[in-house]
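Engineer: Below is the file input-v3.txt, which contains compact mmCIF, C-alpha atoms.
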# COMPACT_ATOMS: atom_id res chain seq x y z
CA MET L 1 -27.02 34.80 -17.18
CA ARG L 2 -25.32 31.45 -17.75
CA GLN L 3 -26.22 29.78 -21.02
CA TYR L 4 -26.91 26.08 -21.05
CA SER L 5 -26.36 24.03 -24.18
CA PRO L 6 -29.08 21.51 -24.94
CA ASP L 7 -28.18 17.82 -24.89
CA LEU L 8 -28.35 16.83 -28.55
CA THR L 9 -27.34 13.19 -27.99
CA PRO L 10 -29.90 10.92 -29.72
CA PRO L 11 -31.89 8.85 -27.22
CA TRP L 12 -30.63 5.58 -28.72
CA LYS L 13 -27.01 6.63 -28.03
CA LYS L 14 -27.55 7.53 -24.39
CA PRO L 15 -26.48 4.79 -21.97
CA LYS L 16 -29.43 3.08 -20.37
CA PRO L 17 -29.62 3.25 -16.59
CA VAL L 18 -28.52 0.09 -14.82
CA PRO L 19 -29.46 -1.27 -11.41
CA GLU L 20 -27.47 -0.22 -8.35
CA VAL L 21 -26.66 -3.20 -6.15
CA PRO L 22 -25.14 -3.02 -2.65
CA ALA L 23 -21.83 -4.90 -2.52
CA GLU L 24 -22.86 -7.16 0.33
CA PRO L 25 -20.39 -9.86 1.46
CA GLY L 26 -20.94 -13.06 -0.51
CA LEU L 27 -22.43 -11.39 -3.59
CA VAL L 28 -20.89 -13.03 -6.68
CA VAL L 29 -20.11 -10.68 -9.56
CA GLU L 30 -17.79 -10.50 -12.56
CA GLU L 31 -15.48 -7.64 -13.54
CA PRO L 32 -15.89 -7.64 -17.35
CA GLY L 33 -12.59 -5.93 -18.16
CA THR L 34 -10.54 -8.78 -16.67
CA GLY L 35 -13.10 -11.58 -16.57
CA PHE L 36 -12.38 -12.02 -12.86
CA CYS L 37 -15.38 -13.57 -11.11
CA GLY L 38 -15.65 -13.78 -7.35
CA ALA L 39 -17.56 -13.14 -4.17
CA VAL L 40 -17.45 -9.82 -2.36
CA ILE L 41 -15.38 -10.12 0.80
CA ARG L 42 -14.78 -6.44 1.57
CA CYS L 43 -16.15 -3.10 0.41
CA GLU L 44 -14.44 0.12 1.37
CA ALA L 45 -14.60 3.71 0.21
CA GLY L 46 -14.17 3.52 -3.54
CA THR L 47 -13.08 -0.13 -3.84
CA VAL L 48 -14.44 -3.67 -3.58
CA THR L 49 -12.42 -6.84 -2.97
CA LEU L 50 -13.47 -10.07 -4.67
CA GLU L 51 -12.36 -13.63 -3.92
CA ASP L 52 -12.55 -16.28 -6.63
CA ARG L 53 -13.10 -20.01 -6.13
CA PHE L 54 -9.34 -20.58 -5.84
CA GLY L 55 -9.02 -18.11 -2.96
CA LYS L 56 -7.36 -15.41 -5.07
CA HIS L 57 -8.20 -11.81 -4.15
CA ARG L 58 -8.54 -8.85 -6.53
CA VAL L 59 -9.40 -5.25 -5.70
CA PHE L 60 -11.48 -3.19 -8.13
CA PRO L 61 -12.76 0.39 -8.11
CA LEU L 62 -16.46 0.95 -7.55
CA GLU L 63 -17.12 2.46 -10.96
CA PRO L 64 -20.53 3.00 -12.57
CA ARG L 65 -21.61 0.06 -14.76
CA GLY L 66 -18.47 -1.73 -13.62
CA PHE L 67 -19.68 -5.28 -12.95
CA LEU L 68 -21.84 -8.10 -14.24
CA LEU L 69 -24.39 -9.76 -11.97
CA GLU L 70 -25.84 -12.94 -13.49
CA GLY L 71 -24.81 -11.57 -16.88
CA ARG L 72 -26.43 -8.14 -16.39
CA VAL L 73 -24.49 -4.89 -16.11
CA VAL L 74 -24.83 -3.33 -12.64
CA THR L 75 -23.30 -0.58 -10.57
CA LEU L 76 -22.02 -1.80 -7.22
CA THR L 77 -22.45 0.56 -4.28
CA ARG L 78 -21.10 0.52 -0.77
CA PRO L 79 -23.66 -1.13 1.56
CA ALA L 80 -25.39 1.17 4.02
CA PRO L 81 -24.57 0.34 7.66
CA SER L 82 -27.39 -1.23 9.63
CA PRO L 83 -28.92 1.36 11.99
CA ASN L 84 -28.96 -1.18 14.84
CA ALA L 85 -25.51 -2.62 14.19
CA THR L 86 -22.88 -2.29 16.88
CA PRO L 87 -19.57 -1.13 15.38
CA LEU L 88 -17.09 -3.99 15.49
CA ARG L 89 -13.61 -3.28 16.75
CA PRO L 90 -10.87 -4.92 14.73
CA THR L 91 -9.13 -7.76 16.57
CA ARG L 92 -5.96 -7.38 14.50
CA THR L 93 -3.94 -4.44 13.31
CA ALA L 94 -2.99 -4.07 9.65
CA SER L 95 0.33 -5.77 10.44
CA GLY L 96 -1.45 -8.83 11.87
CA SER L 97 -0.69 -8.00 15.51
CA VAL L 98 -3.34 -8.32 18.20
CA ALA L 99 -5.19 -5.00 18.42
CA VAL L 100 -5.29 -3.21 21.78
CA PRO L 101 -8.54 -1.18 21.85
CA GLY L 102 -8.20 2.18 23.57
CA ALA L 103 -4.42 1.91 23.93
CA ARG L 104 -2.67 5.27 24.14
CA ALA L 105 0.42 6.05 22.15
CA ARG L 106 3.60 5.59 24.11
CA VAL L 107 6.01 8.47 24.63
CA ALA L 108 8.51 8.31 21.79
CA ARG L 109 11.62 6.26 22.39
CA ALA L 110 15.08 7.60 21.82
CA GLY L 111 15.51 4.87 19.20
CA ARG L 112 14.39 5.52 15.64
CA ILE L 113 13.73 3.76 12.36
CA TYR L 114 14.85 5.48 9.16
CA VAL L 115 13.54 4.53 5.74
CA GLU L 116 14.81 5.64 2.37
CA GLY L 117 11.98 7.89 1.19
CA ARG L 118 8.56 9.39 1.83
CA HIS L 119 6.77 6.58 0.04
CA ASP L 120 8.55 4.03 2.24
CA ALA L 121 7.51 5.96 5.36
CA GLU L 122 3.88 6.14 4.21
CA LEU L 123 3.77 2.41 3.52
CA VAL L 124 5.28 1.54 6.91
CA GLU L 125 2.75 3.83 8.60
CA ARG L 126 -0.08 2.24 6.62
CA VAL L 127 0.67 -1.28 7.84
CA TRP L 128 2.61 -0.89 11.10
CA GLY L 129 1.34 2.49 12.34
CA ASP L 130 -0.72 1.11 15.25
CA ASP L 131 2.17 -1.09 16.43
CA LEU L 132 4.69 1.74 16.21
CA ARG L 133 2.54 4.11 18.28
CA ILE L 134 2.07 1.53 21.02
CA GLU L 135 5.82 0.87 21.06
CA GLY L 136 6.70 4.58 20.86
CA VAL L 137 8.82 4.18 17.72
CA VAL L 138 9.16 7.15 15.38
CA VAL L 139 9.83 6.55 11.66
CA GLU L 140 11.72 9.17 9.67
CA TYR L 141 12.91 9.15 6.08
CA LEU L 142 16.20 9.88 4.41
CA GLU L 143 16.59 12.23 1.48
CA GLY L 144 19.09 9.74 0.08
CA ILE L 145 21.22 6.79 1.12
CA ASP L 146 24.34 8.95 0.81
CA ASP L 147 23.16 10.97 3.82
CA LEU L 148 23.09 7.90 6.08
CA PRO L 149 26.67 7.99 7.49
CA ALA L 150 26.26 11.61 8.59
CA ILE L 151 22.87 10.85 10.17
CA VAL L 152 24.30 7.91 12.10
CA THR L 153 27.22 10.01 13.34
CA GLU L 154 24.87 12.74 14.55
CA PHE L 155 22.38 10.27 16.05
CA SER L 156 25.14 8.42 17.94
CA PRO L 157 23.35 5.09 18.53
CA GLY L 158 23.72 3.47 21.93
CA PRO L 159 22.15 0.79 24.16
CA ASP L 160 19.20 3.03 25.02
CA ALA L 161 18.91 4.66 21.57
CA ARG L 162 19.08 2.04 18.87
CA LEU L 163 18.88 2.94 15.22
CA GLY L 164 17.23 0.80 12.55
CA VAL L 165 17.45 1.57 8.84
CA LEU L 166 15.45 0.13 5.93
CA VAL L 167 17.16 0.45 2.55
CA ASP L 168 15.79 -0.12 -0.96
CA HIS L 169 17.56 -2.51 -3.36
CA LEU L 170 20.05 -3.81 -0.80
CA VAL L 171 21.90 -6.43 -2.85
CA PRO L 172 25.51 -7.68 -2.53
CA GLY L 173 28.12 -5.49 -4.18
CA SER L 174 25.88 -2.44 -4.50
CA LYS L 175 26.65 1.06 -3.20
CA GLU L 176 23.84 0.60 -0.69
CA SER L 177 25.42 -2.57 0.71
CA ARG L 178 28.80 -0.86 1.15
CA ILE L 179 27.24 2.06 3.02
CA ALA L 180 25.21 -0.35 5.16
CA ALA L 181 28.33 -2.30 6.14
CA SER L 182 30.17 0.90 7.07
CA ILE L 183 27.63 2.02 9.68
CA THR L 184 26.34 -1.30 11.08
CA SER L 185 27.18 -1.86 14.77
CA ASP L 186 25.75 -3.41 17.93
CA HIS L 187 23.33 -0.48 18.17
CA ALA L 188 22.70 0.30 14.48
CA LEU L 189 21.08 -2.23 12.17
CA VAL L 190 20.69 -1.73 8.42
CA LEU L 191 18.35 -4.09 6.59
CA GLY L 192 16.98 -3.97 3.08
CA HIS L 193 14.76 -5.56 0.52
CA PRO L 194 15.76 -6.59 -3.01
CA TYR L 195 13.32 -4.31 -4.84
CA ILE L 196 14.42 -1.32 -6.90
CA ASP L 197 11.75 0.79 -5.22
CA ILE L 198 9.24 0.32 -2.41
CA TRP L 199 6.47 0.20 -5.04
CA GLU L 200 7.66 -3.28 -5.99
CA ALA L 201 7.18 -4.49 -2.41
CA VAL L 202 3.40 -4.24 -2.95
CA LYS L 203 2.03 -7.43 -4.46
CA PRO L 204 0.99 -6.93 -8.11
CA SER L 205 -2.28 -8.77 -7.45
CA SER L 206 -3.21 -6.17 -4.82
CA VAL L 207 -2.64 -3.36 -7.31
CA GLY L 208 -4.58 -5.22 -10.01
CA ILE L 209 -1.68 -5.80 -12.41
CA PRO L 210 -0.13 -9.10 -13.55
CA ALA L 211 3.42 -8.07 -12.61
CA TRP L 212 5.64 -5.05 -12.07
CA PRO L 213 7.11 -4.17 -15.48
CA ARG L 214 10.81 -4.26 -16.25
CA VAL L 215 12.17 -0.78 -16.91
CA PRO L 216 15.23 -0.35 -19.17
CA HIS L 217 18.44 0.57 -17.37
CA GLY L 218 19.07 4.29 -17.31
CA GLN L 219 15.39 5.25 -17.35
CA ASP L 220 13.66 6.65 -14.26
CA TRP L 221 12.07 3.55 -12.78
CA LYS L 222 8.82 5.07 -11.51
CA THR L 223 8.19 6.99 -14.72
CA GLY L 224 8.97 3.85 -16.72
CA VAL L 225 6.47 1.86 -14.67
CA CYS L 226 3.76 4.44 -15.34
CA ARG L 227 4.49 4.32 -19.07
CA ALA L 228 4.52 0.54 -19.23
CA LEU L 229 1.21 0.27 -17.35
CA GLY L 230 -0.45 3.05 -19.34
CA TRP L 231 -0.82 5.27 -16.29
CA PRO L 232 -0.42 9.06 -16.47
CA GLU L 233 3.22 9.96 -15.85
CA ASN L 234 2.43 11.47 -12.46
CA THR L 235 4.39 9.37 -9.98
CA GLY L 236 2.81 11.07 -6.96
CA ALA L 237 -0.71 10.18 -8.12
CA ALA L 238 0.46 6.69 -9.11
CA TRP L 239 1.82 6.10 -5.62
CA GLN L 240 -1.42 7.23 -3.97
CA HIS L 241 -3.26 4.75 -6.19
CA ILE L 242 -0.87 1.96 -5.16
CA LEU L 243 -1.03 2.89 -1.47
CA SER L 244 -4.84 2.89 -1.54
CA ARG L 245 -4.71 -0.81 -2.49
CA VAL L 246 -2.69 -1.73 0.61
CA HIS L 247 -5.01 -2.76 3.43
CA SER L 248 -2.81 -5.05 5.50
CA TYR L 249 0.40 -7.07 5.57
CA LYS L 250 -1.24 -9.53 3.17
CA ASP L 251 -0.79 -6.97 0.37
CA LEU L 252 3.00 -6.84 0.81
CA GLN L 253 5.82 -9.13 -0.26
CA PRO L 254 7.34 -11.28 2.52
CA GLU L 255 10.83 -9.88 1.78
CA LEU L 256 9.63 -6.53 3.12
CA LEU L 257 7.51 -7.86 5.98
CA GLY L 258 10.38 -9.70 7.63
CA ARG L 259 12.75 -6.76 7.40
CA VAL L 260 10.37 -4.25 8.99
CA GLU L 261 9.40 -6.63 11.79
CA GLU L 262 13.09 -7.27 12.53
CA LEU L 263 13.83 -3.55 12.70
CA ILE L 264 10.94 -2.94 15.11
CA ASP L 265 12.16 -5.78 17.33
CA PHE L 266 15.70 -4.37 17.21
CA VAL L 267 14.88 -0.83 18.30
CA THR L 268 12.41 -1.97 21.01
CA ALA L 269 14.64 -4.68 22.52
CA PRO L 270 15.51 -4.24 26.24
CA HIS L 271 18.88 -2.62 26.98
Could you write out this file's structure as structure tokens?

Structural biologist:
Amino acid sequence: MRQYSPDLTPPWKKPKPVPEVPAEPGLVVEEPGTGFCGAVIRCEAGTVTLEDRFGKHRVFPLEPRGFLLEGRVVTLTRPAPSPNATPLRPTRTASGSVAVPGARARVARAGRIYVEGRHDAELVERVWGDDLRIEGVVVEYLEGIDDLPAIVTEFSPGPDARLGVLVDHLVPGSKESRIAASITSDHALVLGHPYIDIWEAVKPSSVGIPAWPRVPHGQDWKTGVCRALGWPENTGAAWQHILSRVHSYKDLQPELLGRVEELIDFVTAPH
């Protein structure tokens, strides 16, 4: 028989229960850890988005006793859907494109978009997935930029099979820029963003941090970021946390948005 230990915590040390309040749009609350005060504009599984009086957005986890309402500690909960409400179809995709309700995915094109890693592919899917399925564009990821010349040779880009490539940290004089120049042609386009890693292309405000930390040269960048932010040094879990804060193109830096849109236009252009 399982033995249960009695709870010996004195009553005066036990946390008092606090009210549970549905996070309805327009409810004004304060997150005490940061002092951020704003109105609820969106509540999703596990998170709530607040907007302050200056129009700034912050996303916070729905944690017990996590907010102040008129100075009182409360637990925000996800509002229950109205039983008579008609589900609303989104009018825009996460990338900002006009949504096409009921549209079927197009048969995959011969053209492809390659990105530099799994995290890059997951982020592109998160924001542009609906658009890519309608256009029939498949996104694959490289194991490393050094593999790109061999992939291009095997792929053999042509008028009806264009190849687009998104590269991290594409800056003049870098190894990445030299490889990009060597394989660029009328039917192969290599574009990049200036960030060391795709993590940096997510706006710090969306992740709930003031800025992406600077990591000393020679140290693994992702591990260094986790250390600097006080996160567990589990880069896979850290990425899932970051990705969960991306809801649309508004959560990404413009340097990434323009590059991805240009690559999609390139591989879907008429012959």

Engineer: I'd like the interatomic distance between CA of Val40 (chain L) and CA of Val246 (chain L), to a tenth of an Å.

Structural biologist: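 Rounded to one decimal, the two atoms are 17.1 Å apart.
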
Engineer: With distances taken over only C-alpha atoms, which residue among L:Ala94, L:Leu163, L:Ile264, L:Val202 lies nearest Asp130 (chain L)?

Structural biologist: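 Answer, going by the shortest atom-to-atom distance: L:Ala94.
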
Engineer: Have a look at CA of Gly66 (chain L) and CA of Gln240 (chain L) and let me know their distance in Å, one decimal.

Structural biologist: 21.5 Å

Engineer: Around the point (26.7, 4.9, 3.1) in the file's coordinates, collect all residues with an atom within 9 Å, using all atoms listed in the file, and return them as JSON, numbers by chain.

Structural biologist: {"L": [145, 146, 147, 148, 149, 150, 175, 176, 177, 178, 179, 180, 181, 182, 183]}

Engineer: Just give me the gap between CA of Pro79 (chain L) and CA of Phe60 (chain L) in Å, one decimal is fine.

Structural biologist: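 Separation of CA of Pro79 (chain L) and CA of Phe60 (chain L): 15.7 Å.
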
Engineer: Point out the residue among L:Glu261, L:Glu20, L:Glu135, L:Glu255 with the least atom-to-atom distance to Arg78 (chain L), counting only C-alpha atoms.

Structural biologist: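 Comparing L:Glu261, L:Glu20, L:Glu135, L:Glu255 against Arg78 (chain L), the winner is L:Glu20.
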
Engineer: Choose the residue, out of L:Cys43, L:Ala238, L:Val152, L:Val28, that has the smallest atom-to-atom separation from Phe67 (chain L); count only C-alpha atoms.

Structural biologist: L:Val28

Engineer: Might you pull out every residue within 6 Å of region 49-55 of chain L, with all atoms listed in the file counted and same-chain residues fewer than 4 positions away left off, and present them as a PyMOL selection string?

Structural biologist: chain L and resi 37-42+59

Engineer: Just write the chosen residues, C-alpha atoms, as a PDB file, in the coordinates of the input.

Structural biologist:
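Below you can see out-v9.pdb, which holds the result:
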ATOM      1  CA  CYS L  37     -15.380 -13.570 -11.110  1.00  0.00           C
ATOM      2  CA  GLY L  38     -15.650 -13.780  -7.350  1.00  0.00           C
ATOM      3  CA  ALA L  39     -17.560 -13.140  -4.170  1.00  0.00           C
ATOM      4  CA  VAL L  40     -17.450  -9.820  -2.360  1.00  0.00           C
ATOM      5  CA  ILE L  41     -15.380 -10.120   0.800  1.00  0.00           C
ATOM      6  CA  ARG L  42     -14.780  -6.440   1.570  1.00  0.00           C
ATOM      7  CA  VAL L  59      -9.400  -5.250  -5.700  1.00  0.00           C
TER       8      VAL L  59
END

Engineer: Show me as a PyMOL selection string the residues that reach within 7 Å of (15.5, -1.1, -2.6), counting all atoms listed in the file and using the file's own coordinates.

Structural biologist: chain L and resi 167-170+192-198

Engineer: Extract, using only C-alpha atoms, all DNA, RNA and protein residues at most 12 Å from region 68-77 of chain L, discarding same-chain residues fewer than 4 positions from it, and format them as a PyMOL selection string.

Structural biologist: chain L and resi 15-25+27-40+42-49+60-64

Engineer: Can you list, as number ranges by chain, every protein, DNA or RNA residue that comes within 9 Å of Ala188 (chain L) when you count only C-alpha atoms, leaving out same-chain residues fewer than 3 positions away?

Structural biologist: L: 152, 157-158, 162-165, 183-185, 266-267

Engineer: Find, counting all atoms listed in the file, the residue in L:Glu140, L:Asp186, L:Glu233, L:Glu200 that gets nearest to Trp212 (chain L).

Structural biologist: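 Among L:Glu140, L:Asp186, L:Glu233, L:Glu200, it is L:Glu200 that comes nearest to Trp212 (chain L).
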
Engineer: Which one is closest to Ala121 (chain L): L:Ala80, L:Ile209, L:Leu142, L:Ala269? Count all atoms listed in the file.

Structural biologist: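 The answer is L:Leu142, which sits nearest to Ala121 (chain L).
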
Engineer: Closest to Ala201 (chain L) among L:Leu123, L:Val139, L:Leu256, L:Val215, using all atoms listed in the file?

Structural biologist: L:Leu256

Engineer: Could you give me, as a list in words, the residues within 12 Å of Glu122 (chain L), counting all atoms listed in the file and dropping anything in the same chain fewer than 3 positions from it?

Structural biologist: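 Neighbouring residues, sequence-local ones excluded: Val115, Glu116, Gly117, Arg118, His119, Glu125, Arg126, Val127, Trp128, Gly129, Val139, Glu140, Tyr141, Ile198, Trp199, Trp239, Gln240, Ile242, Leu243, Ser244 and Val246 of chain L.
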